[in-house]
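**Student:** You'll find query19.tsv just under this line, and it carries TSV, C-alpha atoms and all ligand atoms.
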chain	number	residue	atom	x	y	z
A	1	MET	CA	1.07	-10.47	-15.38
A	2	LEU	CA	3.48	-13.31	-15.98
A	3	LEU	CA	6.16	-10.96	-17.33
A	4	ALA	CA	5.99	-9.03	-14.06
A	5	VAL	CA	6.12	-12.23	-12.00
A	6	LEU	CA	9.15	-13.46	-13.96
A	7	ASP	CA	10.92	-10.18	-13.30
A	8	GLU	CA	10.25	-10.33	-9.59
A	9	ILE	CA	11.47	-13.94	-9.45
A	10	GLN	CA	14.62	-12.87	-11.24
A	11	ASN	CA	15.04	-9.92	-8.84
A	12	GLY	CA	15.04	-12.41	-5.98
A	13	ALA	CA	11.81	-11.04	-4.52
A	14	TYR	CA	10.42	-14.53	-3.91
A	15	GLN	CA	12.70	-16.94	-2.09
A	16	ASP	CA	9.97	-19.54	-1.76
A	17	ASN	CA	7.24	-20.62	-4.07
A	18	LEU	CA	4.78	-18.02	-2.79
A	19	ILE	CA	4.03	-15.07	-5.03
A	20	THR	CA	2.57	-12.24	-2.98
A	21	ILE	CA	1.16	-8.95	-4.19
A	22	THR	CA	3.74	-6.26	-3.52
A	23	PRO	CA	4.08	-2.65	-4.69
A	24	GLU	CA	7.05	-3.80	-6.78
A	25	LEU	CA	4.98	-6.46	-8.55
A	26	VAL	CA	2.19	-3.97	-9.26
A	27	ALA	CA	4.69	-1.36	-10.48
A	28	SER	CA	6.22	-3.94	-12.79
A	29	PHE	CA	2.76	-4.90	-14.09
A	30	ARG	CA	2.07	-1.19	-14.77
A	31	HIS	CA	5.32	-0.91	-16.70
A	32	TYR	CA	4.43	-3.81	-18.99
A	33	TRP	CA	0.84	-2.68	-19.37
A	34	GLN	CA	1.91	0.74	-20.51
A	35	ALA	CA	4.51	-0.71	-22.86
A	36	LEU	CA	2.34	-3.41	-24.40
A	37	VAL	CA	-1.34	-2.52	-24.24
A	38	THR	CA	-2.19	0.14	-26.74
A	39	SER	CA	-5.98	-0.08	-26.77
A	40	ASP	CA	-8.06	2.06	-24.40
A	41	TYR	CA	-10.64	-0.71	-24.40
A	42	TRP	CA	-8.73	-2.61	-21.70
A	43	ILE	CA	-8.44	-1.17	-18.22
A	44	GLU	CA	-5.18	-1.60	-16.32
A	45	ARG	CA	-6.20	-3.84	-13.43
A	46	MET	CA	-3.83	-6.45	-12.08
A	47	ASN	CA	-6.56	-8.00	-9.92
A	48	ILE	CA	-8.12	-9.56	-13.03
A	49	PRO	CA	-5.18	-11.68	-14.27
A	50	PHE	CA	-4.00	-12.37	-10.72
A	51	ARG	CA	-7.42	-13.87	-9.97
A	52	TYR	CA	-8.14	-15.60	-13.27
A	53	LEU	CA	-4.78	-17.20	-14.02
A	54	TYR	CA	-6.12	-19.73	-11.56
A	55	GLN	CA	-8.02	-21.27	-14.44
A	56	ASP	CA	-4.80	-22.19	-16.25
A	57	GLY	CA	-3.85	-24.92	-13.84
A	58	PHE	CA	-0.36	-23.79	-12.79
A	59	TRP	CA	-1.39	-20.88	-10.57
A	60	HIS	CA	-2.67	-21.97	-7.15
A	61	PHE	CA	-4.07	-19.88	-4.31
A	62	ARG	CA	-2.97	-20.42	-0.73
A	63	ARG	CA	-4.69	-19.33	2.46
A	64	ASN	CA	-3.36	-20.12	5.95
A	65	GLY	CA	-0.86	-22.50	4.39
A	66	GLU	CA	-3.50	-24.55	2.51
A	67	GLU	CA	-4.38	-24.61	-1.18
A	68	VAL	CA	-7.84	-23.09	-1.71
A	69	ARG	CA	-10.13	-22.16	-4.56
A	70	PRO	CA	-10.79	-18.44	-4.91
A	71	GLU	CA	-14.47	-17.64	-4.52
A	72	ASP	CA	-16.50	-16.71	-7.54
A	73	LYS	CA	-16.55	-12.98	-6.90
A	74	PRO	CA	-14.56	-9.97	-8.05
A	75	TYR	CA	-11.57	-9.35	-5.81
A	76	SER	CA	-9.79	-6.01	-5.57
A	77	LEU	CA	-6.02	-6.09	-5.25
A	78	LEU	CA	-6.29	-5.23	-1.55
A	79	GLN	CA	-8.75	-8.08	-1.01
A	80	LEU	CA	-6.50	-10.49	-2.89
A	81	SER	CA	-3.56	-9.47	-0.75
A	82	HIS	CA	-5.56	-9.71	2.51
A	83	ASP	CA	-7.63	-12.82	1.80
A	84	PHE	CA	-4.80	-15.08	0.64
A	85	ASP	CA	-1.21	-15.79	1.64
A	86	GLY	CA	-0.46	-15.46	-2.06
A	87	ILE	CA	-0.30	-17.89	-4.96
A	88	PHE	CA	2.16	-20.68	-5.68
A	89	LEU	CA	3.19	-22.05	-9.03
A	90	SER	CA	3.07	-25.72	-9.95
A	91	GLN	CA	6.18	-27.28	-8.50
A	92	ASP	CA	7.81	-28.25	-11.81
A	93	LEU	CA	7.38	-24.70	-13.13
A	94	TRP	CA	8.80	-23.20	-9.95
A	95	GLN	CA	11.79	-25.56	-10.16
A	96	LEU	CA	12.40	-24.56	-13.75
A	97	LEU	CA	12.29	-20.85	-12.88
A	98	GLN	CA	15.15	-21.21	-10.39
A	99	GLU	CA	17.36	-21.17	-13.47
A	100	PRO	CA	17.88	-17.58	-14.73
A	101	SER	CA	18.22	-18.74	-18.33
A	102	ALA	CA	14.81	-20.43	-18.10
A	103	VAL	CA	13.27	-17.21	-16.76
A	104	ASN	CA	14.76	-15.27	-19.67
A	105	ALA	CA	13.63	-17.85	-22.22
A	106	LEU	CA	10.06	-17.87	-20.90
A	107	TRP	CA	10.00	-14.05	-20.75
A	108	ALA	CA	11.07	-13.85	-24.41
A	109	HIS	CA	8.63	-16.58	-25.40
A	110	LEU	CA	5.69	-14.76	-23.78
A	111	LEU	CA	6.55	-11.53	-25.56
A	112	GLN	CA	6.90	-13.28	-28.89
A	113	SER	CA	3.85	-15.51	-28.72
A	114	TYR	CA	1.35	-13.13	-27.12
A	115	PHE	CA	2.52	-9.76	-28.42
A	116	GLY	CA	4.55	-10.71	-31.49
A	117	LEU	CA	7.52	-8.75	-30.20
A	118	PRO	CA	11.20	-9.64	-30.05
A	119	PRO	CA	12.59	-9.23	-26.52
A	120	THR	CA	14.91	-6.40	-27.47
A	121	THR	CA	11.94	-4.08	-28.09
A	122	VAL	CA	10.67	-4.13	-24.50
A	123	SER	CA	12.63	-2.86	-21.52
A	124	ARG	CA	12.66	-4.40	-18.08
A	125	PRO	CA	11.13	-2.16	-15.40
A	126	ASN	CA	13.12	-0.40	-12.71
A	127	THR	CA	10.53	-0.83	-9.96
A	128	HIS	CA	12.64	1.06	-7.43
A	129	ASN	CA	12.54	4.21	-9.56
A	130	LEU	CA	8.89	3.70	-10.46
A	131	LEU	CA	7.89	3.51	-6.79
A	132	ASP	CA	10.04	6.52	-5.88
A	133	TYR	CA	8.23	8.43	-8.60
A	134	GLU	CA	4.80	7.30	-7.34
A	135	ALA	CA	5.75	8.24	-3.75
A	136	GLU	CA	6.77	11.73	-4.85
A	137	LYS	CA	3.52	12.07	-6.77
A	138	LEU	CA	1.52	11.07	-3.70
A	139	LYS	CA	3.48	13.45	-1.49
A	140	ALA	CA	2.84	16.30	-3.93
A	141	GLU	CA	-0.91	15.73	-3.54
A	142	ALA	CA	-0.58	17.39	-0.12
A	143	GLN	CA	-0.56	20.65	-2.03
A	144	SER	CA	-3.94	20.04	-3.61
A	145	LYS	CA	-7.11	21.18	-1.87
A	146	PHE	CA	-8.29	18.69	0.74
A	147	ARG	CA	-11.93	17.74	0.85
A	148	ILE	CA	-13.51	14.85	2.68
A	149	ARG	CA	-14.23	12.01	0.27
A	150	LYS	CA	-15.30	8.43	0.59
A	151	LEU	CA	-13.73	6.21	-2.04
A	152	ARG	CA	-15.23	2.87	-2.99
A	153	GLU	CA	-13.65	-0.03	-1.16
A	154	ASN	CA	-13.59	-2.04	-4.33
A	155	SER	CA	-11.53	0.42	-6.30
A	156	GLY	CA	-9.50	-2.39	-7.74
A	157	ASP	CA	-7.15	-0.47	-9.95
A	158	ASN	CA	-3.42	-0.53	-9.61
A	159	GLY	CA	-3.01	3.17	-8.86
A	160	TYR	CA	-5.28	2.82	-5.84
A	161	TYR	CA	-3.28	-0.15	-4.55
A	162	ILE	CA	0.10	1.54	-5.05
A	163	ARG	CA	-1.09	4.73	-3.30
A	164	HIS	CA	-2.29	2.67	-0.35
A	165	ALA	CA	0.95	0.71	-0.19
A	166	LEU	CA	3.05	3.89	-0.34
A	167	PHE	CA	0.91	5.91	2.08
A	168	PRO	CA	2.84	4.77	5.22
A	169	ARG	CA	6.22	5.52	3.65
A	170	VAL	CA	5.13	8.99	2.48
A	171	VAL	CA	3.42	10.02	5.72
A	172	LYS	CA	6.16	8.72	8.00
A	173	THR	CA	8.81	10.52	5.95
A	174	MET	CA	6.87	13.79	6.34
A	175	TYR	CA	7.19	13.39	10.12
A	176	ASN	CA	10.79	12.14	10.11
A	177	ASN	CA	9.49	8.76	11.27
A	178	ALA	CA	8.59	10.16	14.70
A	179	CYS	CA	5.28	10.08	16.60
A	180	ALA	CA	3.60	13.51	16.36
A	181	VAL	CA	2.46	13.21	19.99
A	182	CYS	CA	5.40	11.76	21.93
A	183	GLY	CA	8.31	11.90	19.48
A	184	LEU	CA	9.17	8.17	19.70
A	185	ALA	CA	11.04	7.12	16.58
A	186	VAL	CA	12.60	3.79	17.57
A	187	HIS	CA	12.96	1.28	14.75
A	188	THR	CA	15.11	-1.51	13.39
A	189	GLU	CA	16.14	-2.13	9.81
A	190	GLN	CA	14.40	-5.51	9.69
A	191	SER	CA	11.12	-5.07	11.53
A	192	GLY	CA	10.32	-1.46	10.73
A	193	GLY	CA	9.48	0.86	13.57
A	194	ILE	CA	7.09	1.70	16.32
A	195	VAL	CA	5.59	4.50	14.23
A	196	ASP	CA	2.53	3.99	12.02
A	197	ALA	CA	0.99	6.24	9.39
A	198	ALA	CA	-2.46	6.65	10.95
A	199	HIS	CA	-5.46	7.65	8.85
A	200	ILE	CA	-7.41	10.52	10.45
A	201	LEU	CA	-10.56	9.70	8.46
A	202	PRO	CA	-10.50	5.94	9.08
A	203	PHE	CA	-9.38	3.89	6.10
A	204	SER	CA	-12.08	1.27	6.76
A	205	GLU	CA	-14.74	3.89	6.13
A	206	PHE	CA	-13.19	6.40	3.70
A	207	HIS	CA	-10.39	4.48	1.93
A	208	TYR	CA	-8.76	7.86	1.49
A	209	ASP	CA	-4.98	7.88	1.22
A	210	HIS	CA	-4.51	11.62	0.86
A	211	PRO	CA	-1.20	12.58	2.55
A	212	ARG	CA	-2.97	15.18	4.71
A	213	ASN	CA	-5.34	12.49	5.93
A	214	GLY	CA	-2.28	10.94	7.52
A	215	ILE	CA	-0.42	11.55	10.74
A	216	ALA	CA	2.59	9.67	12.11
A	217	LEU	CA	1.75	8.14	15.47
A	218	CYS	CA	3.44	5.47	17.58
A	219	LYS	CA	1.37	2.32	18.07
A	220	ASN	CA	0.33	3.51	21.52
A	221	HIS	CA	-0.98	6.86	20.29
A	222	HIS	CA	-2.35	5.40	17.06
A	223	TRP	CA	-4.55	3.07	19.08
A	224	GLY	CA	-5.65	5.87	21.43
A	225	PHE	CA	-6.39	8.23	18.55
A	226	ASP	CA	-8.57	5.62	16.79
A	227	ALA	CA	-10.36	4.97	20.10
A	228	GLY	CA	-11.01	8.70	20.58
A	229	TRP	CA	-8.90	9.03	23.73
A	230	PHE	CA	-7.54	12.25	22.38
A	231	GLY	CA	-8.25	14.63	19.52
A	232	ILE	CA	-6.33	17.45	17.89
A	233	SER	CA	-7.58	21.03	17.83
A	234	ASP	CA	-7.58	23.42	14.90
A	235	ASP	CA	-4.35	24.91	16.20
A	236	TYR	CA	-2.79	21.42	16.44
A	237	LYS	CA	-2.95	21.05	20.22
A	238	ILE	CA	-3.82	17.87	22.06
A	239	LEU	CA	-7.32	17.54	23.48
A	240	ILE	CA	-7.63	14.83	26.12
A	241	SER	CA	-10.94	13.01	26.53
A	242	PRO	CA	-12.56	13.65	29.92
A	243	HIS	CA	-13.37	9.92	29.99
A	244	LEU	CA	-9.72	8.92	30.26
A	245	LEU	CA	-9.01	7.30	33.65
A	246	ASN	CA	-5.49	7.13	35.04
A	247	GLY	CA	-4.36	8.98	31.93
A	248	LEU	CA	-1.47	10.76	33.57
A	249	GLY	CA	1.52	10.54	31.29
A	250	TYR	CA	-0.44	9.30	28.25
A	251	ALA	CA	-0.43	12.69	26.54
A	252	MET	CA	-0.37	16.27	27.74
A	253	ALA	CA	-3.52	18.33	27.19
A	254	GLY	CA	-2.82	21.58	25.35
A	255	LYS	CA	0.59	20.50	24.14
A	256	ALA	CA	1.24	21.19	20.44
A	257	ILE	CA	1.82	18.12	18.30
A	258	GLN	CA	5.00	17.84	16.27
A	259	LEU	CA	4.07	18.94	12.76
A	260	PRO	CA	5.92	18.03	9.57
A	261	SER	CA	8.76	20.40	8.76
A	262	ASP	CA	6.92	21.49	5.63
A	263	ALA	CA	3.66	23.18	6.72
A	264	VAL	CA	1.92	22.06	3.54
A	265	HIS	CA	2.00	18.48	4.90
A	266	ALA	CA	0.17	19.30	8.16
A	267	PRO	CA	-2.97	17.26	8.89
A	268	ALA	CA	-6.07	18.59	7.11
A	269	GLN	CA	-8.25	20.70	9.39
A	270	ALA	CA	-11.40	19.15	7.94
A	271	ALA	CA	-10.20	15.65	8.78
A	272	LEU	CA	-9.26	16.62	12.35
A	273	ALA	CA	-12.69	18.28	12.80
A	274	TRP	CA	-14.38	15.09	11.54
A	275	HIS	CA	-12.35	13.06	14.04
A	276	ARG	CA	-13.33	15.41	16.92
A	277	ASP	CA	-17.00	15.18	15.94
A	278	ASN	CA	-17.15	11.45	15.30
A	279	LYS	CA	-14.39	9.68	17.24
A	280	PHE	CA	-13.22	11.87	20.09
A	281	LEU	CA	-14.86	10.79	23.37
A	282	LYS	CA	-16.40	14.04	24.59
B	301	ZN	ZN	3.48	8.35	20.58
Once more with this new file: its structure as structure tokens, please.

**Tutor:**
Amino acid sequence: MLLAVLDEIQNGAYQDNLITITPELVASFRHYWQALVTSDYWIERMNIPFRYLYQDGFWHFRRNGEEVRPEDKPYSLLQLSHDFDGIFLSQDLWQLLQEPSAVNALWAHLLQSYFGLPPTTVSRPNTHNLLDYEAEKLKAEAQSKFRIRKLRENSGDNGYYIRHALFPRVVKTMYNNACAVCGLAVHTEQSGGIVDAAHILPFSEFHYDHPRNGIALCKNHHWGFDAGWFGISDDYKILISPHLLNGLGYAMAGKAIQLPSDAVHAPAQAALAWHRDNKFLK
């Protein structure tokens, strides 16, 4: 865990003393886990060290700007990233780690003292490439058979977290970052865009980040879709709820949605049918 944190500090990922859970940090953790842990007895879960380093005295949790104690319960990575701002290191340690040579020395010391390895035997991760690889893997899942599944919310493993973190990027790319209903694609480099990767089977219930459970929608149509204002037919046409008042201009009934250029990425029929049966205001 600490090797991954040191790398991210050295990469300039944390300008302030607030270590947040990011896909890059998790990818870095994965890299070190795979390089250093040879026993199958241990399961690769970053939520465990991220939670329990608290006991070592230099690793402090922050929520709403205040230092807090984590509760005595298992946290998944998603819960850790939602429930806390992040963690901060003891101030003297943080000060020390502003010096690249100190980061390198501590990195080498951890490898030597905990794993008995000289630093030259372990490579530093290229998190950019690792995440590109994971995104391609997730995108390729569109080709596998889609069936409705409910995953456990507490699936705390790193693969689950990385998939969830990459889901928006993968889905939005499939739709060229444009809303499937209205085509809006406005964005800025800094703040992202108006387009979300919406889950058709709601994430809060299914926790299912299959690419064909996703559809790119602007915030306006994302909200309306979740509220059941409109549904999508088996032939990918817009169905407008008869309950919609003053809905002129919101979306055009019978109009085909904009599908991804590759037909294999189109929303899963089973998910759209579930949405019509359970969310769409009939
Ligand atoms: Zn839209």

**Student:** Closest to ligand ZN 301 (chain B) among A:Asn17, A:Asn177, A:Asn126, A:Ser39, using all atoms listed in the file?

**Tutor:**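 Nearest to ligand ZN 301 (chain B): A:Asn177.
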
**Student:** Mind listing the residues within 10 Å of ligand ZN 301 (chain B), all atoms listed in the file counted, as a tab-separated table (two decimals) with C-alpha atoms, keeping the file's coordinate frame?

**Tutor:**
chain	number	residue	atom	x	y	z
A	178	ALA	CA	8.59	10.16	14.70
A	179	CYS	CA	5.28	10.08	16.60
A	180	ALA	CA	3.60	13.51	16.36
A	181	VAL	CA	2.46	13.21	19.99
A	182	CYS	CA	5.40	11.76	21.93
A	183	GLY	CA	8.31	11.90	19.48
A	184	LEU	CA	9.17	8.17	19.70
A	185	ALA	CA	11.04	7.12	16.58
A	194	ILE	CA	7.09	1.70	16.32
A	195	VAL	CA	5.59	4.50	14.23
A	196	ASP	CA	2.53	3.99	12.02
A	216	ALA	CA	2.59	9.67	12.11
A	217	LEU	CA	1.75	8.14	15.47
A	218	CYS	CA	3.44	5.47	17.58
A	219	LYS	CA	1.37	2.32	18.07
A	220	ASN	CA	0.33	3.51	21.52
A	221	HIS	CA	-0.98	6.86	20.29
A	222	HIS	CA	-2.35	5.40	17.06
A	223	TRP	CA	-4.55	3.07	19.08
A	224	GLY	CA	-5.65	5.87	21.43
A	250	TYR	CA	-0.44	9.30	28.25
A	251	ALA	CA	-0.43	12.69	26.54

**Student:** Do a neighbour search on Ile240 (chain A) at 9 Å with only C-alpha atoms, toss out local chain neighbours closer than 2 positions, and write the hits as a list in words.

**Tutor:**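 Neighbouring residues, sequence-local ones excluded: Gly228, Trp229, Phe230, Gly231, Ile232, Ile238, Pro242, His243, Leu244, Gly247, Ala251, Met252, Ala253, Gly254, Phe280, Leu281 and Lys282 of chain A.
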
**Student:** Can I get the selected residues back with C-alpha atoms, as a PDB file, in the frame of the given file?

**Tutor:**
ATOM      1  CA  GLY A 228     -11.010   8.700  20.580  1.00  0.00           C
ATOM      2  CA  TRP A 229      -8.900   9.030  23.730  1.00  0.00           C
ATOM      3  CA  PHE A 230      -7.540  12.250  22.380  1.00  0.00           C
ATOM      4  CA  GLY A 231      -8.250  14.630  19.520  1.00  0.00           C
ATOM      5  CA  ILE A 232      -6.330  17.450  17.890  1.00  0.00           C
ATOM      6  CA  ILE A 238      -3.820  17.870  22.060  1.00  0.00           C
ATOM      7  CA  PRO A 242     -12.560  13.650  29.920  1.00  0.00           C
ATOM      8  CA  HIS A 243     -13.370   9.920  29.990  1.00  0.00           C
ATOM      9  CA  LEU A 244      -9.720   8.920  30.260  1.00  0.00           C
ATOM     10  CA  GLY A 247      -4.360   8.980  31.930  1.00  0.00           C
ATOM     11  CA  ALA A 251      -0.430  12.690  26.540  1.00  0.00           C
ATOM     12  CA  MET A 252      -0.370  16.270  27.740  1.00  0.00           C
ATOM     13  CA  ALA A 253      -3.520  18.330  27.190  1.00  0.00           C
ATOM     14  CA  GLY A 254      -2.820  21.580  25.350  1.00  0.00           C
ATOM     15  CA  PHE A 280     -13.220  11.870  20.090  1.00  0.00           C
ATOM     16  CA  LEU A 281     -14.860  10.790  23.370  1.00  0.00           C
ATOM     17  CA  LYS A 282     -16.400  14.040  24.590  1.00  0.00           C
TER      18      LYS A 282
END

**Student:** Could you check which of A:Asn104, A:Thr127, A:Thr121, A:Asn176 is closest to Ile162 (chain A), using all atoms listed in the file?

**Tutor:**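 The closest residue to Ile162 (chain A) is A:Thr127.
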
**Student:** Need the neighbours of (11.3, -26.9, -2.4): which residues are at most 8 Å away, counting all atoms listed in the file, as a PyMOL selection string?

**Tutor:** chain A and resi 16-17+91+95

**Student:** By how many Å are CA of Ser191 (chain A) and CA of Tyr133 (chain A) apart?

**Tutor:**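 Result for CA of Ser191 (chain A) versus CA of Tyr133 (chain A): 24.4 Å, one decimal.
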
**Student:** Residues within 12 Å of (-10.3, 13.9, 9.6), file coordinates, counting all atoms listed in the file: what are they? Give the list as a PyMOL selection string.

**Tutor:** chain A and resi 146-150+198-203+205-206+208-215+225-226+231-234+266-280

**Student:** Check the smallest atom-to-atom distance from each of A:Val170, A:Ile48, A:Ile87, A:Leu130 to Pro260 (chain A) using all atoms listed in the file, then report the winner.

**Tutor:**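 Among A:Val170, A:Ile48, A:Ile87, A:Leu130, it is A:Val170 that comes nearest to Pro260 (chain A).
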
**Student:** Please list as a short mmCIF file (atom, residue, chain, number, x, y, z; two decimals) with C-alpha atoms, in the coordinates of the input every residue within 10 Å of Trp33 (chain A), counting all atoms listed in the file and excluding residues in the same chain fewer than 6 positions away.

**Tutor:**
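And here's part_3.cif as it stands now:
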data_model
loop_
_atom_site.label_atom_id
_atom_site.label_comp_id
_atom_site.auth_asym_id
_atom_site.auth_seq_id
_atom_site.Cartn_x
_atom_site.Cartn_y
_atom_site.Cartn_z
CA MET A 1 1.07 -10.47 -15.38
CA ALA A 4 5.99 -9.03 -14.06
CA ALA A 27 4.69 -1.36 -10.48
CA TRP A 42 -8.73 -2.61 -21.70
CA ILE A 43 -8.44 -1.17 -18.22
CA GLU A 44 -5.18 -1.60 -16.32
CA ARG A 45 -6.20 -3.84 -13.43
CA MET A 46 -3.83 -6.45 -12.08
#

**Student:** For Leu151 (chain A), which residue out of A:Lys172, A:His187, A:His128, A:His207 is the nearest one, using all atoms listed in the file?

**Tutor:**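 Of all the options, A:His207 lies closest to Leu151 (chain A).
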
**Student:** Taking all atoms listed in the file into account, name the residue in A:Phe84, A:Phe167, A:Trp59, A:Phe115 that is nearest to Tyr32 (chain A).

**Tutor:** A:Phe115

**Student:** So how many Å separate CA of Gly57 (chain A) and CA of Asp92 (chain A), to one decimal?

**Tutor:**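 It comes out at 12.3 Å.
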
**Student:** Taking all atoms listed in the file into account, name the residue in A:Pro49, A:Pro125, A:Gly65, A:Gly12 that is nearest to Leu80 (chain A).

**Tutor:**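 Answer, going by the shortest atom-to-atom distance: A:Pro49.
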